[in-house]
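Engineer: Following this message is one structure expressed as structure tokens.
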Amino acid sequence: MSVLISNSQTRLEINPEKVRKTAQAVLNALACPDDELSILIVDDLRIAELNKEYLEREGPTNVIAFPMCDYFEAEDDIRKPERNIMPKLLGDVVISVDTARKEGEKAGITMEERFTQLLVHGILHLIGYDHEQTEAEALRMEMKTNELLKLIGGVPTDSLL
């Protein structure tokens, strides 16, 4: 397994080894410790460009996930890959530190704590969770996010996502 990190922003200091260890802990908890994940750390300008280009949405957002697999829901409530473009490659998670900082301040938590929440959220998108489908799926994703955050010592989301 490898967690690849690219930090293209210069506004805030990010510890790539801590991000890598956090991502690995999440992947371990999701029973995919050998899968590959790319994390791109950007500013609001760059994530707004990606948001427009790939999602046709205006302005910056906090996190965008680009999965390399399509998933289906199995009877045992475990997500299983349906179509895998490249085996063991989960995809990319792009996080804006500018938005993470603003949202963290608003929520009374640090940028690092908010960044961790967004990282977990993005990884869940890569394995098939999608809060934009239904309210039930949004609740399920929030519960899984908080379960993982508790496991890795993160701060619960309180519906920030």
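Letters A, B, ... go to the chains of the structure tokens in the order shown; residues in each chain start at 1; ligands are counted from 1 in the same order.
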Identify, on the basis of only C-alpha atoms, every residue whose closest approach to A:Ile41 does not exceed 6 Å; exclude the query and any residue fewer than 5 positions from it along the same chain; express the result as a list in words.
Structural biologist: Asn7, Val94 and Ile95 of chain A
Engineer: Could you give me, as a CSV table (one decimal) with C-alpha atoms, in the first residue's frame, each residue of chain A that DSSP assigns to helix (DSSP H, G or I) when run on this structure's backbone?
Structural biologist:
chain,number,residue,atom,x,y,z
A,16,PRO,CA,2.9,14.9,5.1
A,17,GLU,CA,4.0,12.0,7.3
A,18,LYS,CA,1.2,12.7,9.8
A,19,VAL,CA,-1.3,12.9,6.9
A,20,ARG,CA,0.1,9.6,5.5
A,21,LYS,CA,-0.2,7.8,8.9
A,22,THR,CA,-3.8,9.1,9.3
A,23,ALA,CA,-4.8,7.9,5.9
A,24,GLN,CA,-3.1,4.5,6.5
A,25,ALA,CA,-5.0,4.1,9.8
A,26,VAL,CA,-8.3,4.9,8.0
A,27,LEU,CA,-7.5,2.4,5.2
A,28,ASN,CA,-6.6,-0.3,7.7
A,29,ALA,CA,-9.9,0.3,9.5
A,44,ASP,CA,-9.1,27.5,-2.7
A,45,LEU,CA,-8.1,28.7,-6.2
A,46,ARG,CA,-7.0,25.2,-7.4
A,47,ILE,CA,-10.0,23.3,-5.8
A,48,ALA,CA,-12.4,25.9,-7.4
A,49,GLU,CA,-10.8,25.1,-10.8
A,50,LEU,CA,-11.2,21.3,-10.2
A,51,ASN,CA,-14.8,21.8,-8.9
A,52,LYS,CA,-15.7,23.7,-12.1
A,53,GLU,CA,-13.9,21.4,-14.5
A,54,TYR,CA,-15.0,18.0,-13.1
A,55,LEU,CA,-18.2,18.7,-11.2
A,97,VAL,CA,-6.5,23.9,3.3
A,98,ASP,CA,-8.0,27.4,2.9
A,99,THR,CA,-11.5,26.0,3.2
A,100,ALA,CA,-10.4,23.5,5.9
A,101,ARG,CA,-9.0,26.5,7.9
A,102,LYS,CA,-12.2,28.6,7.5
A,103,GLU,CA,-14.5,25.7,8.4
A,104,GLY,CA,-12.3,24.7,11.4
A,105,GLU,CA,-12.4,28.3,12.7
A,106,LYS,CA,-16.2,28.4,12.3
A,107,ALA,CA,-16.6,25.1,14.1
A,111,MET,CA,-7.4,23.4,10.7
A,112,GLU,CA,-5.6,20.1,11.3
A,113,GLU,CA,-8.7,18.6,12.9
A,114,ARG,CA,-10.9,19.8,10.1
A,115,PHE,CA,-8.4,18.5,7.5
A,116,THR,CA,-8.6,15.0,9.2
A,117,GLN,CA,-12.4,15.1,9.0
A,118,LEU,CA,-12.2,15.9,5.3
A,119,LEU,CA,-9.6,13.3,4.7
A,120,VAL,CA,-11.9,10.6,6.2
A,121,HIS,CA,-14.8,12.0,4.3
A,122,GLY,CA,-12.9,11.9,1.0
A,123,ILE,CA,-11.7,8.3,1.6
A,124,LEU,CA,-15.3,7.2,2.3
A,125,HIS,CA,-16.3,8.7,-1.1
A,126,LEU,CA,-13.6,6.6,-2.7
A,135,GLU,CA,-30.8,11.5,3.5
A,136,ALA,CA,-30.3,8.0,4.7
A,137,GLU,CA,-27.0,7.6,2.9
A,138,ALA,CA,-25.9,11.0,4.3
A,139,LEU,CA,-26.6,9.9,7.8
A,140,ARG,CA,-24.9,6.6,7.2
A,141,MET,CA,-21.8,8.3,5.8
A,142,GLU,CA,-21.8,10.7,8.8
A,143,MET,CA,-22.0,7.8,11.2
A,144,LYS,CA,-19.1,6.0,9.5
A,145,THR,CA,-17.1,9.2,9.4
A,146,ASN,CA,-17.5,9.7,13.1
A,147,GLU,CA,-16.8,6.0,13.8
A,148,LEU,CA,-13.5,6.3,11.9
A,149,LEU,CA,-12.6,9.6,13.5
A,150,LYS,CA,-13.2,8.1,17.0
A,151,LEU,CA,-11.0,5.2,16.1
A,152,ILE,CA,-8.1,7.4,14.9
Engineer: Between A:Thr157, A:Ser2, A:Ser96, A:Asn62, which residue has the minimum interatomic distance to A:Ile14, considering only C-alpha atoms?
Structural biologist: A:Ser96
Engineer: Neighbours of A:Leu90 within 8 Å (only C-alpha atoms; same-chain residues fewer than 5 positions away dropped), as a CSV table (one decimal) with N, CA and C atoms, in the first residue's frame?
Structural biologist:
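part16.csv, freshly written:
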chain,number,residue,atom,x,y,z
A,35,ASP,N,-4.3,-0.9,-0.4
A,35,ASP,CA,-4.8,-0.1,-1.6
A,35,ASP,C,-4.0,1.2,-1.7
A,36,GLU,N,-3.9,1.7,-2.9
A,36,GLU,CA,-3.2,3.0,-3.1
A,36,GLU,C,-4.1,4.2,-3.1
A,37,LEU,N,-3.6,5.2,-2.5
A,37,LEU,CA,-4.4,6.5,-2.4
A,37,LEU,C,-3.5,7.7,-2.7
A,67,PRO,N,-12.8,8.7,-7.4
A,67,PRO,CA,-12.7,7.2,-7.2
A,67,PRO,C,-12.3,6.6,-8.5
A,68,MET,N,-11.5,5.5,-8.3
A,68,MET,CA,-11.1,4.6,-9.5
A,68,MET,C,-12.0,3.4,-9.6
A,69,CYS,N,-12.9,3.2,-8.6
A,69,CYS,CA,-13.8,2.0,-8.6
A,69,CYS,C,-15.3,2.5,-8.5
A,126,LEU,N,-14.3,7.5,-1.9
A,126,LEU,CA,-13.6,6.6,-2.7
A,126,LEU,C,-14.0,5.2,-2.7
A,127,ILE,N,-14.6,4.8,-1.5
A,127,ILE,CA,-15.0,3.4,-1.4
A,127,ILE,C,-16.6,3.3,-1.6
